[in-house]
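**Student:** File structure_15.pdb below, PDB, C-alpha atoms:
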```pdb
ATOM      1  CA  MET C   2     144.887  19.285 147.925
ATOM      2  CA  PHE C   3     141.909  17.201 148.979
ATOM      3  CA  ARG C   4     142.922  17.444 152.620
ATOM      4  CA  ARG C   5     143.235  21.238 152.370
ATOM      5  CA  THR C   6     139.806  21.457 150.751
ATOM      6  CA  VAL C   7     138.258  19.372 153.518
ATOM      7  CA  ASP C   8     139.969  21.519 156.177
ATOM      8  CA  PHE C   9     138.731  24.699 154.500
ATOM      9  CA  LEU C  10     135.170  23.353 154.336
ATOM     10  CA  MET C  11     135.224  22.245 157.963
ATOM     11  CA  GLN C  12     136.494  25.665 159.086
ATOM     12  CA  HIS C  13     133.521  27.218 157.305
ATOM     13  CA  ARG C  14     131.055  24.487 158.170
ATOM     14  CA  ILE C  15     128.322  26.986 159.038
ATOM     15  CA  TYR C  16     128.347  28.444 155.518
ATOM     16  CA  VAL C  17     128.714  25.032 153.878
ATOM     17  CA  GLY C  18     125.858  23.683 155.972
ATOM     18  CA  THR C  19     123.707  26.725 155.164
ATOM     19  CA  ALA C  20     124.377  26.296 151.435
ATOM     20  CA  LEU C  21     123.447  22.610 151.681
ATOM     21  CA  ALA C  22     120.265  23.446 153.599
ATOM     22  CA  LEU C  23     119.308  25.984 150.920
ATOM     23  CA  CYS C  24     119.938  23.364 148.212
ATOM     24  CA  ALA C  25     117.801  20.903 150.192
ATOM     25  CA  SER C  26     115.092  23.553 150.456
ATOM     26  CA  ALA C  27     115.268  24.119 146.692
ATOM     27  CA  SER C  28     115.009  20.359 146.118
ATOM     28  CA  TYR C  29     111.976  20.062 148.371
ATOM     29  CA  GLY C  30     110.392  23.121 146.765
ATOM     30  CA  GLY C  31     111.053  21.903 143.253
ATOM     31  CA  SER C  32     109.926  18.378 143.980
ATOM     32  CA  GLN C  33     106.627  19.741 145.349
ATOM     33  CA  VAL C  34     105.809  21.157 141.920
ATOM     34  CA  PHE C  35     106.703  17.849 140.248
ATOM     35  CA  GLU C  36     104.943  15.635 142.805
ATOM     36  CA  LYS C  37     101.828  17.809 142.714
ATOM     37  CA  TRP C  38     101.625  17.122 138.983
ATOM     38  CA  ILE C  39     102.038  13.373 139.616
ATOM     39  CA  VAL C  40      99.336  13.163 142.315
ATOM     40  CA  THR C  41      96.992  15.312 140.215
ATOM     41  CA  ASN C  42      97.382  13.408 136.965
ATOM     42  CA  ILE C  43      98.998  10.027 137.534
ATOM     43  CA  THR C  44      98.499   8.267 140.875
ATOM     44  CA  THR C  45      97.587   8.713 144.540
ATOM     45  CA  PRO C  46      99.630  10.669 147.131
ATOM     46  CA  ILE C  47     100.281   7.563 149.243
ATOM     47  CA  VAL C  48     101.592   5.539 146.295
ATOM     48  CA  THR C  49     103.672   8.524 145.172
ATOM     49  CA  SER C  50     105.238   8.881 148.625
ATOM     50  CA  ALA C  51     105.839   5.139 148.992
ATOM     51  CA  PHE C  52     107.669   4.709 145.707
ATOM     52  CA  SER C  53     109.538   8.035 145.940
ATOM     53  CA  LEU C  54     110.889   6.973 149.338
ATOM     54  CA  LEU C  55     111.785   3.535 148.015
ATOM     55  CA  PHE C  56     113.584   4.814 144.930
ATOM     56  CA  GLY C  57     115.307   7.549 146.954
ATOM     57  CA  GLY C  58     116.605   4.940 149.400
ATOM     58  CA  ILE C  59     117.762   2.686 146.577
ATOM     59  CA  PHE C  60     119.600   5.511 144.781
ATOM     60  CA  ILE C  61     121.478   6.659 147.891
ATOM     61  CA  SER C  62     122.241   3.059 148.866
ATOM     62  CA  ALA C  63     123.723   2.428 145.427
ATOM     63  CA  VAL C  64     126.212   5.274 145.895
ATOM     64  CA  PHE C  65     127.010   5.110 149.601
ATOM     65  CA  HIS C  66     126.447   1.468 150.547
ATOM     66  CA  ARG C  67     130.120   0.785 151.301
ATOM     67  CA  GLY C  68     130.215   3.531 153.902
ATOM     68  CA  ALA C  69     126.977   2.248 155.395
ATOM     69  CA  VAL C  70     128.344  -1.296 155.652
ATOM     70  CA  GLY C  71     131.415   0.087 157.391
ATOM     71  CA  ASP C  72     129.215   2.008 159.837
ATOM     72  CA  VAL C  73     127.364  -1.168 160.845
ATOM     73  CA  ARG C  74     130.376  -2.490 162.740
ATOM     74  CA  ILE C  75     131.295   0.643 164.663
ATOM     75  CA  THR C  76     128.059   2.510 165.353
ATOM     76  CA  PRO C  77     126.114   2.167 168.623
ATOM     77  CA  LYS C  78     122.602   0.710 168.333
ATOM     78  CA  LYS C  79     121.131   3.928 169.742
ATOM     79  CA  ALA C  80     122.277   5.892 166.665
ATOM     80  CA  TRP C  81     120.517   3.473 164.293
ATOM     81  CA  LEU C  82     117.355   3.755 166.381
ATOM     82  CA  PHE C  83     117.401   7.552 166.220
ATOM     83  CA  VAL C  84     117.711   7.731 162.410
ATOM     84  CA  MET C  85     115.023   5.051 162.008
ATOM     85  CA  LEU C  86     112.757   7.114 164.244
ATOM     86  CA  ALA C  87     113.623  10.175 162.133
ATOM     87  CA  GLY C  88     112.449   8.288 159.050
ATOM     88  CA  LEU C  89     109.269   7.150 160.766
ATOM     89  CA  SER C  90     108.397  10.606 162.144
ATOM     90  CA  SER C  91     108.869  12.182 158.735
ATOM     91  CA  THR C  92     106.741   9.527 157.036
ATOM     92  CA  VAL C  93     103.956   9.660 159.630
ATOM     93  CA  ALA C  94     103.984  13.463 159.387
ATOM     94  CA  SER C  95     103.594  13.201 155.602
ATOM     95  CA  VAL C  96     100.542  10.957 156.033
ATOM     96  CA  PHE C  97      98.971  13.396 158.491
ATOM     97  CA  LEU C  98      99.709  16.232 156.065
ATOM     98  CA  LEU C  99      97.891  14.385 153.289
ATOM     99  CA  PHE C 100      94.823  13.956 155.477
ATOM    100  CA  ALA C 101      95.051  17.564 156.662
ATOM    101  CA  LEU C 102      95.004  18.794 153.050
ATOM    102  CA  ARG C 103      91.976  16.607 152.386
ATOM    103  CA  SER C 104      90.095  18.119 155.349
ATOM    104  CA  SER C 105      91.010  21.772 155.061
ATOM    105  CA  PRO C 106      92.149  24.247 152.423
ATOM    106  CA  VAL C 107      95.853  24.839 151.937
ATOM    107  CA  VAL C 108      95.553  28.431 153.241
ATOM    108  CA  LEU C 109      94.811  26.969 156.673
ATOM    109  CA  VAL C 110      97.117  23.956 156.544
ATOM    110  CA  SER C 111     100.315  25.523 155.209
ATOM    111  CA  PRO C 112     100.845  28.116 157.962
ATOM    112  CA  MET C 113     100.336  25.372 160.533
ATOM    113  CA  ILE C 114     102.947  23.189 158.841
ATOM    114  CA  SER C 115     105.366  26.119 158.860
ATOM    115  CA  ILE C 116     105.621  25.961 162.649
ATOM    116  CA  ASN C 117     107.684  22.767 162.365
ATOM    117  CA  ALA C 118     110.854  24.862 162.610
ATOM    118  CA  LEU C 119     109.630  26.224 165.954
ATOM    119  CA  VAL C 120     109.004  22.663 167.109
ATOM    120  CA  THR C 121     112.621  21.860 166.204
ATOM    121  CA  LEU C 122     113.813  24.915 168.145
ATOM    122  CA  VAL C 123     111.949  23.878 171.291
ATOM    123  CA  LEU C 124     113.056  20.245 171.071
ATOM    124  CA  SER C 125     116.645  21.329 170.340
ATOM    125  CA  HIS C 126     116.635  23.457 173.475
ATOM    126  CA  PHE C 127     115.534  20.546 175.646
ATOM    127  CA  PHE C 128     117.243  17.574 174.007
ATOM    128  CA  LEU C 129     120.273  18.889 172.127
ATOM    129  CA  GLN C 130     121.734  21.242 174.721
ATOM    130  CA  ARG C 131     125.157  19.613 174.605
ATOM    131  CA  LEU C 132     125.226  19.740 170.802
ATOM    132  CA  GLU C 133     123.824  23.156 169.884
ATOM    133  CA  ARG C 134     122.639  26.410 171.402
ATOM    134  CA  VAL C 135     119.279  28.089 170.794
ATOM    135  CA  THR C 136     119.800  31.843 170.961
ATOM    136  CA  TRP C 137     117.587  34.852 170.416
ATOM    137  CA  ARG C 138     119.147  35.474 167.016
ATOM    138  CA  LEU C 139     118.322  31.938 165.926
ATOM    139  CA  ILE C 140     114.745  32.299 167.209
ATOM    140  CA  LEU C 141     114.280  35.650 165.425
ATOM    141  CA  GLY C 142     115.777  34.299 162.184
ATOM    142  CA  THR C 143     113.483  31.282 162.354
ATOM    143  CA  LEU C 144     110.417  33.466 162.916
ATOM    144  CA  LEU C 145     111.351  35.639 159.939
ATOM    145  CA  ILE C 146     111.774  32.588 157.695
ATOM    146  CA  ILE C 147     108.473  31.085 158.855
ATOM    147  CA  GLY C 148     106.693  34.414 158.399
ATOM    148  CA  GLY C 149     108.129  34.841 154.907
ATOM    149  CA  ALA C 150     107.251  31.285 153.902
ATOM    150  CA  ALA C 151     103.710  31.645 155.231
ATOM    151  CA  THR C 152     103.283  34.955 153.360
ATOM    152  CA  ILE C 153     104.387  33.372 150.087
ATOM    153  CA  THR C 154     102.228  30.275 150.597
ATOM    154  CA  LEU C 155      99.112  32.270 151.464
ATOM    155  CA  SER C 156      99.702  34.573 148.502
ATOM    156  CA  ALA C 157     100.020  31.600 146.152
ATOM    157  CA  ALA C 158      96.940  29.911 147.599
ATOM    158  CA  SER C 159      94.773  32.999 147.238
TER     159      SER C 159
ATOM    160  CA  MET M  15      89.231  22.310 162.867
ATOM    161  CA  LEU M  16      90.145  18.702 162.049
ATOM    162  CA  GLY M  17      92.431  19.795 159.224
ATOM    163  CA  ILE M  18      94.221  22.273 161.481
ATOM    164  CA  ALA M  19      94.667  19.651 164.200
ATOM    165  CA  LEU M  20      96.072  17.176 161.673
ATOM    166  CA  ALA M  21      98.379  19.868 160.288
ATOM    167  CA  ILE M  22      99.696  20.641 163.781
ATOM    168  CA  ILE M  23     100.403  16.948 164.354
ATOM    169  CA  ALA M  24     102.198  16.845 160.996
ATOM    170  CA  ALA M  25     104.232  19.923 161.981
ATOM    171  CA  ILE M  26     105.264  18.219 165.222
ATOM    172  CA  GLY M  27     106.364  15.180 163.225
ATOM    173  CA  PHE M  28     108.341  17.237 160.705
ATOM    174  CA  GLY M  29     109.880  19.282 163.523
ATOM    175  CA  THR M  30     110.936  16.186 165.442
ATOM    176  CA  THR M  31     112.737  14.628 162.460
ATOM    177  CA  PRO M  32     115.859  16.866 162.427
ATOM    178  CA  VAL M  33     116.267  16.494 166.197
ATOM    179  CA  LEU M  34     116.177  12.699 165.977
ATOM    180  CA  ALA M  35     118.506  12.830 162.973
ATOM    181  CA  ARG M  36     120.915  15.040 164.903
ATOM    182  CA  LEU M  37     121.077  12.561 167.745
ATOM    183  CA  GLY M  38     121.741   9.683 165.361
ATOM    184  CA  LEU M  39     124.214  11.540 163.161
ATOM    185  CA  VAL M  40     126.574  12.119 166.085
ATOM    186  CA  HIS M  41     127.796   8.586 165.405
ATOM    187  CA  LEU M  42     126.772   8.060 161.775
ATOM    188  CA  ARG M  43     127.645   9.502 158.405
ATOM    189  CA  SER M  44     124.881  11.643 156.906
ATOM    190  CA  SER M  45     124.655   9.300 153.895
ATOM    191  CA  THR M  46     124.106   6.268 156.134
ATOM    192  CA  GLY M  47     121.530   8.183 158.166
ATOM    193  CA  ALA M  48     119.714   9.173 154.988
ATOM    194  CA  ILE M  49     119.700   5.564 153.736
ATOM    195  CA  VAL M  50     118.305   4.182 156.983
ATOM    196  CA  SER M  51     115.670   6.898 157.386
ATOM    197  CA  LEU M  52     114.522   6.590 153.776
ATOM    198  CA  LEU M  53     114.281   2.800 153.776
ATOM    199  CA  THR M  54     112.470   2.843 157.137
ATOM    200  CA  GLY M  55     109.973   5.342 155.772
ATOM    201  CA  ALA M  56     109.644   3.357 152.549
ATOM    202  CA  VAL M  57     108.764   0.171 154.437
ATOM    203  CA  LEU M  58     106.084   1.996 156.437
ATOM    204  CA  MET M  59     104.622   3.880 153.485
ATOM    205  CA  MET M  60     104.689   0.844 151.190
ATOM    206  CA  SER M  61     102.849  -1.168 153.855
ATOM    207  CA  ILE M  62     100.179   1.541 154.063
ATOM    208  CA  ALA M  63      99.899   1.646 150.272
ATOM    209  CA  LEU M  64      99.587  -2.145 149.961
ATOM    210  CA  ILE M  65      96.935  -2.317 152.687
ATOM    211  CA  PHE M  66      94.764   0.608 151.616
ATOM    212  CA  GLN M  67      95.487   1.072 147.903
ATOM    213  CA  PRO M  68      96.730  -2.253 146.479
ATOM    214  CA  HIS M  69      95.082  -1.669 143.134
ATOM    215  CA  SER M  70      96.942   1.628 142.701
ATOM    216  CA  VAL M  71     100.232  -0.089 143.553
ATOM    217  CA  PHE M  72      99.882  -3.005 141.152
ATOM    218  CA  SER M  73      98.504  -0.955 138.268
ATOM    219  CA  LEU M  74     101.650   1.188 137.927
ATOM    220  CA  THR M  75     103.260   1.165 134.497
ATOM    221  CA  ALA M  76     106.966   1.413 133.684
ATOM    222  CA  TYR M  77     106.510   5.045 132.645
ATOM    223  CA  VAL M  78     104.887   5.924 135.986
ATOM    224  CA  LEU M  79     107.629   4.090 137.881
ATOM    225  CA  LEU M  80     110.176   6.165 135.977
ATOM    226  CA  LEU M  81     108.398   9.368 136.993
ATOM    227  CA  LEU M  82     108.293   8.210 140.628
ATOM    228  CA  ALA M  83     111.988   7.340 140.490
ATOM    229  CA  ALA M  84     112.717  10.865 139.215
ATOM    230  CA  ALA M  85     110.574  12.325 142.016
ATOM    231  CA  GLY M  86     112.416  10.179 144.548
ATOM    232  CA  PHE M  87     115.764  11.356 143.244
ATOM    233  CA  VAL M  88     114.879  15.054 143.406
ATOM    234  CA  HIS M  89     113.032  14.915 146.716
ATOM    235  CA  TYR M  90     115.014  12.413 148.730
ATOM    236  CA  VAL M  91     118.453  11.895 147.185
ATOM    237  CA  THR M  92     119.131  15.624 147.021
ATOM    238  CA  GLY M  93     116.636  16.900 149.619
ATOM    239  CA  ARG M  94     116.966  14.397 152.469
ATOM    240  CA  PHE M  95     120.681  13.695 151.968
ATOM    241  CA  LEU M  96     121.627  17.380 151.803
ATOM    242  CA  SER M  97     119.444  18.275 154.783
ATOM    243  CA  PHE M  98     120.955  15.458 156.862
ATOM    244  CA  THR M  99     124.446  16.642 155.929
ATOM    245  CA  SER M 100     123.467  20.167 156.911
ATOM    246  CA  VAL M 101     122.103  18.871 160.233
ATOM    247  CA  LYS M 102     125.435  17.206 160.880
ATOM    248  CA  LEU M 103     127.413  20.364 160.026
ATOM    249  CA  THR M 104     125.273  23.155 161.442
ATOM    250  CA  GLY M 105     122.712  21.554 163.732
ATOM    251  CA  ALA M 106     119.031  20.659 163.691
ATOM    252  CA  ALA M 107     117.544  24.046 164.604
ATOM    253  CA  ARG M 108     119.467  26.005 161.971
ATOM    254  CA  THR M 109     118.827  23.443 159.223
ATOM    255  CA  SER M 110     115.129  23.212 160.029
ATOM    256  CA  ALA M 111     114.776  26.985 159.886
ATOM    257  CA  ILE M 112     116.516  27.282 156.524
ATOM    258  CA  VAL M 113     114.692  24.307 154.982
ATOM    259  CA  SER M 114     111.407  26.006 155.993
ATOM    260  CA  SER M 115     112.101  28.454 153.161
ATOM    261  CA  GLN M 116     111.010  25.827 150.618
ATOM    262  CA  PRO M 117     107.796  27.656 149.609
ATOM    263  CA  LEU M 118     110.080  30.376 148.247
ATOM    264  CA  PHE M 119     111.732  27.917 145.876
ATOM    265  CA  ALA M 120     108.432  26.288 144.921
ATOM    266  CA  THR M 121     107.161  29.765 144.001
ATOM    267  CA  LEU M 122     110.347  30.626 142.093
ATOM    268  CA  PHE M 123     109.967  27.452 140.049
ATOM    269  CA  ALA M 124     106.308  28.258 139.448
ATOM    270  CA  ILE M 125     107.275  31.759 138.286
ATOM    271  CA  THR M 126     110.082  30.676 135.967
ATOM    272  CA  ALA M 127     108.519  27.484 134.593
ATOM    273  CA  GLY M 128     104.814  28.106 135.131
ATOM    274  CA  GLY M 129     104.659  31.735 134.089
ATOM    275  CA  GLU M 130     103.181  32.957 137.346
ATOM    276  CA  SER M 131     103.712  36.619 138.190
ATOM    277  CA  ILE M 132     105.717  38.225 140.972
ATOM    278  CA  THR M 133     103.509  39.935 143.536
ATOM    279  CA  LEU M 134     104.158  42.211 146.490
ATOM    280  CA  PRO M 135     103.551  39.433 149.076
ATOM    281  CA  ILE M 136     106.102  37.266 147.264
ATOM    282  CA  ILE M 137     108.670  40.076 147.363
ATOM    283  CA  MET M 138     107.991  40.716 151.046
ATOM    284  CA  GLY M 139     108.114  37.036 151.857
ATOM    285  CA  THR M 140     111.395  36.662 149.974
ATOM    286  CA  LEU M 141     112.949  39.573 151.858
ATOM    287  CA  SER M 142     111.780  38.162 155.171
ATOM    288  CA  ILE M 143     113.248  34.754 154.367
ATOM    289  CA  THR M 144     116.523  36.284 153.186
ATOM    290  CA  VAL M 145     116.978  38.322 156.362
ATOM    291  CA  GLY M 146     116.030  35.279 158.423
ATOM    292  CA  VAL M 147     118.601  33.077 156.690
ATOM    293  CA  ILE M 148     121.306  35.723 157.190
ATOM    294  CA  LEU M 149     120.476  35.968 160.888
ATOM    295  CA  VAL M 150     120.493  32.213 161.300
ATOM    296  CA  THR M 151     123.751  31.821 159.379
ATOM    297  CA  ARG M 152     125.588  34.521 161.298
ATOM    298  CA  GLU M 153     124.756  32.750 164.538
ATOM    299  CA  ARG M 154     127.844  31.356 166.262
TER     300      ARG M 154
END
```
Could you quickly redo this structure as structure tokens?

**Tutor:**
Amino acid sequence: MFRRTVDFLMQHRIYVGTALALCASASYGGSQVFEKWIVTNITTPIVTSAFSLLFGGIFISAVFHRGAVGDVRITPKKAWLFVMLAGLSSTVASVFLLFALRSSPVVLVSPMISINALVTLVLSHFFLQRLERVTWRLILGTLLIIGGAATITLSAAS
Amino acid sequence: MLGIALAIIAAIGFGTTPVLARLGLVHLRSSTGAIVSLLTGAVLMMSIALIFQPHSVFSLTAYVLLLLAAAGFVHYVTGRFLSFTSVKLTGAARTSAIVSSQPLFATLFAITAGGESITLPIIMGTLSITVGVILVTRER
């Protein structure tokens, strides 16, 4: 039963992955509302980010640590380096975002941040060619999502 | 101008993250990748906090730590872990595009919990995002 479920999910990985990405998007969107309240009323953005990251890492480690320990033995060093760099790039980007929001209003900053999906598209084309394809449909879909997100953000800001 | 330049740099950083994750997750489980990326980021951010805002760090109460733990769970346990799993299943470009729809969900939460009203730009933005997600999902 479990095996059949896994096979079914892997056959429909695009839809499963899309559903997971939408859930991730909802989590990020929801957490923004919560974290905005924290940085407005409780503590600073840097302290909020630091402890949120720490607690997030601890929670996931508590659940999945056995798998991680197993991965240590079999995974090439390059893979560890890439995910560490992913963590660093995301954290550094968050710091720059904080300073950007201090320097300029959100109506200017948010549309600029939205282009991160285009950055991913370009980098995917050059560095992930053997893993995924960037097609015109993907580019158009990305532009529509970015345009919609920017419209909503600018509407909320005004 | 400075704010825009900083925002562009931030966008480059956020856009690079799924690509780096994709390269690492070829050999790693998404959960392991999430753990490593989160703890790496935590070390960096905690160092910055201790250097520039030590008073804010050491003045935290148990109640505030509980709130931050809840924020960490919502943002990173569900957000980062699910996005990494999506990267592994569908790729960096598709995941990044779909995750960019997060302002839609932030607005939906603000409407349902905060009592904000639905406006024409919100409807148009929602439609645009929906069509975009369909296009991206139907990609083979």

**Student:** Run the PyMOL selection byres ((chain M) within 6 of (chain C)) mentally over the shown coordinates, then write out the matched residues as an mmCIF file with C-alpha atoms, keeping the file's coordinate frame, using the chain letters and numbers from the document.

**Tutor:**
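Dumped to out-v1.cif:
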```cif
data_model
loop_
_atom_site.group_PDB
_atom_site.id
_atom_site.type_symbol
_atom_site.label_atom_id
_atom_site.label_comp_id
_atom_site.auth_asym_id
_atom_site.auth_seq_id
_atom_site.Cartn_x
_atom_site.Cartn_y
_atom_site.Cartn_z
ATOM 1 C CA GLY M 17 92.431 19.795 159.224
ATOM 2 C CA ILE M 18 94.221 22.273 161.481
ATOM 3 C CA LEU M 20 96.072 17.176 161.673
ATOM 4 C CA ALA M 21 98.379 19.868 160.288
ATOM 5 C CA ILE M 22 99.696 20.641 163.781
ATOM 6 C CA ALA M 24 102.198 16.845 160.996
ATOM 7 C CA ALA M 25 104.232 19.923 161.981
ATOM 8 C CA ILE M 26 105.264 18.219 165.222
ATOM 9 C CA GLY M 27 106.364 15.180 163.225
ATOM 10 C CA PHE M 28 108.341 17.237 160.705
ATOM 11 C CA GLY M 29 109.880 19.282 163.523
ATOM 12 C CA THR M 30 110.936 16.186 165.442
ATOM 13 C CA THR M 31 112.737 14.628 162.460
ATOM 14 C CA LEU M 34 116.177 12.699 165.977
ATOM 15 C CA ALA M 35 118.506 12.830 162.973
ATOM 16 C CA GLY M 38 121.741 9.683 165.361
ATOM 17 C CA THR M 46 124.106 6.268 156.134
ATOM 18 C CA GLY M 47 121.530 8.183 158.166
ATOM 19 C CA ILE M 49 119.700 5.564 153.736
ATOM 20 C CA SER M 51 115.670 6.898 157.386
ATOM 21 C CA LEU M 52 114.522 6.590 153.776
ATOM 22 C CA LEU M 53 114.281 2.800 153.776
ATOM 23 C CA THR M 54 112.470 2.843 157.137
ATOM 24 C CA GLY M 55 109.973 5.342 155.772
ATOM 25 C CA ALA M 56 109.644 3.357 152.549
ATOM 26 C CA MET M 59 104.622 3.880 153.485
ATOM 27 C CA MET M 60 104.689 0.844 151.190
ATOM 28 C CA ALA M 63 99.899 1.646 150.272
ATOM 29 C CA LEU M 82 108.293 8.210 140.628
ATOM 30 C CA ALA M 83 111.988 7.340 140.490
ATOM 31 C CA ALA M 85 110.574 12.325 142.016
ATOM 32 C CA GLY M 86 112.416 10.179 144.548
ATOM 33 C CA PHE M 87 115.764 11.356 143.244
ATOM 34 C CA VAL M 88 114.879 15.054 143.406
ATOM 35 C CA HIS M 89 113.032 14.915 146.716
ATOM 36 C CA TYR M 90 115.014 12.413 148.730
ATOM 37 C CA VAL M 91 118.453 11.895 147.185
ATOM 38 C CA GLY M 93 116.636 16.900 149.619
ATOM 39 C CA LEU M 96 121.627 17.380 151.803
ATOM 40 C CA SER M 97 119.444 18.275 154.783
ATOM 41 C CA SER M 100 123.467 20.167 156.911
ATOM 42 C CA LEU M 103 127.413 20.364 160.026
ATOM 43 C CA THR M 104 125.273 23.155 161.442
ATOM 44 C CA ALA M 107 117.544 24.046 164.604
ATOM 45 C CA THR M 109 118.827 23.443 159.223
ATOM 46 C CA SER M 110 115.129 23.212 160.029
ATOM 47 C CA ALA M 111 114.776 26.985 159.886
ATOM 48 C CA VAL M 113 114.692 24.307 154.982
ATOM 49 C CA SER M 115 112.101 28.454 153.161
ATOM 50 C CA GLN M 116 111.010 25.827 150.618
ATOM 51 C CA PRO M 117 107.796 27.656 149.609
ATOM 52 C CA PHE M 119 111.732 27.917 145.876
ATOM 53 C CA ALA M 120 108.432 26.288 144.921
ATOM 54 C CA ILE M 136 106.102 37.266 147.264
ATOM 55 C CA GLY M 139 108.114 37.036 151.857
ATOM 56 C CA SER M 142 111.780 38.162 155.171
ATOM 57 C CA ILE M 143 113.248 34.754 154.367
ATOM 58 C CA GLY M 146 116.030 35.279 158.423
ATOM 59 C CA LEU M 149 120.476 35.968 160.888
ATOM 60 C CA VAL M 150 120.493 32.213 161.300
#
```

**Student:** What is the distance, in Å and to one decimal place, between atom CA of M:Ala84 and atom CA of M:Ser114?

**Tutor:** 22.6 Å

**Student:** What is the atom CA of M:Gly105-atom CA of M:Pro32 distance in Å, reported with one decimal?

**Tutor:**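 So the two atoms, atom CA of M:Gly105 and atom CA of M:Pro32, lie 8.4 Å apart.
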
**Student:** To one decimal place, how far is atom CA of M:Ser45 from atom CA of M:Phe98 in Å?

**Tutor:**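 Separation between atom CA of M:Ser45 and atom CA of M:Phe98: 7.8 Å.
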
**Student:** Let me make sure I understand: among M:Leu39, M:Val57, M:Ala106, M:Leu74, which one has the smallest atom-to-atom distance to C:Gln130 if we use only C-alpha atoms?

**Tutor:**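 Looking at the shortest contact to C:Gln130, the residue is M:Ala106.
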
**Student:** Could you complete stretch 60-71 of chain M so that it carries N, CA, C and O atoms, and give it back as a PDB file, keeping the file's coordinate frame?

**Tutor:**
```pdb
ATOM      1  N   MET M  60     105.059   1.910 152.120  1.00  0.00           N
ATOM      2  CA  MET M  60     104.689   0.844 151.190  1.00  0.00           C
ATOM      3  C   MET M  60     103.664  -0.079 151.835  1.00  0.00           C
ATOM      4  O   MET M  60     102.727  -0.556 151.184  1.00  0.00           O
ATOM      5  N   SER M  61     103.829  -0.333 153.132  1.00  0.00           N
ATOM      6  CA  SER M  61     102.849  -1.168 153.855  1.00  0.00           C
ATOM      7  C   SER M  61     101.473  -0.502 153.828  1.00  0.00           C
ATOM      8  O   SER M  61     100.460  -1.164 153.578  1.00  0.00           O
ATOM      9  N   ILE M  62     101.451   0.807 154.087  1.00  0.00           N
ATOM     10  CA  ILE M  62     100.179   1.541 154.063  1.00  0.00           C
ATOM     11  C   ILE M  62      99.564   1.489 152.669  1.00  0.00           C
ATOM     12  O   ILE M  62      98.357   1.251 152.502  1.00  0.00           O
ATOM     13  N   ALA M  63     100.396   1.667 151.650  1.00  0.00           N
ATOM     14  CA  ALA M  63      99.899   1.646 150.272  1.00  0.00           C
ATOM     15  C   ALA M  63      99.344   0.270 149.903  1.00  0.00           C
ATOM     16  O   ALA M  63      98.288   0.164 149.270  1.00  0.00           O
ATOM     17  N   LEU M  64     100.033  -0.790 150.304  1.00  0.00           N
ATOM     18  CA  LEU M  64      99.587  -2.145 149.961  1.00  0.00           C
ATOM     19  C   LEU M  64      98.303  -2.523 150.700  1.00  0.00           C
ATOM     20  O   LEU M  64      97.484  -3.276 150.168  1.00  0.00           O
ATOM     21  N   ILE M  65      98.138  -1.979 151.915  1.00  0.00           N
ATOM     22  CA  ILE M  65      96.935  -2.317 152.687  1.00  0.00           C
ATOM     23  C   ILE M  65      95.721  -1.547 152.169  1.00  0.00           C
ATOM     24  O   ILE M  65      94.647  -2.111 151.987  1.00  0.00           O
ATOM     25  N   PHE M  66      95.910  -0.235 151.927  1.00  0.00           N
ATOM     26  CA  PHE M  66      94.764   0.608 151.616  1.00  0.00           C
ATOM     27  C   PHE M  66      94.561   0.881 150.133  1.00  0.00           C
ATOM     28  O   PHE M  66      93.443   1.205 149.720  1.00  0.00           O
ATOM     29  N   GLN M  67      95.624   0.765 149.337  1.00  0.00           N
ATOM     30  CA  GLN M  67      95.487   1.072 147.903  1.00  0.00           C
ATOM     31  C   GLN M  67      96.233   0.050 147.049  1.00  0.00           C
ATOM     32  O   GLN M  67      97.066   0.438 146.220  1.00  0.00           O
ATOM     33  N   PRO M  68      95.958  -1.243 147.229  1.00  0.00           N
ATOM     34  CA  PRO M  68      96.730  -2.253 146.479  1.00  0.00           C
ATOM     35  C   PRO M  68      96.535  -2.142 144.975  1.00  0.00           C
ATOM     36  O   PRO M  68      97.483  -2.365 144.212  1.00  0.00           O
ATOM     37  N   HIS M  69      95.326  -1.767 144.578  1.00  0.00           N
ATOM     38  CA  HIS M  69      95.082  -1.669 143.134  1.00  0.00           C
ATOM     39  C   HIS M  69      95.959  -0.589 142.513  1.00  0.00           C
ATOM     40  O   HIS M  69      96.525  -0.770 141.432  1.00  0.00           O
ATOM     41  N   SER M  70      96.109   0.533 143.210  1.00  0.00           N
ATOM     42  CA  SER M  70      96.942   1.628 142.701  1.00  0.00           C
ATOM     43  C   SER M  70      98.400   1.205 142.615  1.00  0.00           C
ATOM     44  O   SER M  70      99.125   1.629 141.711  1.00  0.00           O
ATOM     45  N   VAL M  71      98.832   0.362 143.556  1.00  0.00           N
ATOM     46  CA  VAL M  71     100.232  -0.089 143.553  1.00  0.00           C
ATOM     47  C   VAL M  71     100.501  -1.006 142.365  1.00  0.00           C
ATOM     48  O   VAL M  71     101.470  -0.831 141.625  1.00  0.00           O
TER      49      VAL M  71
END
```
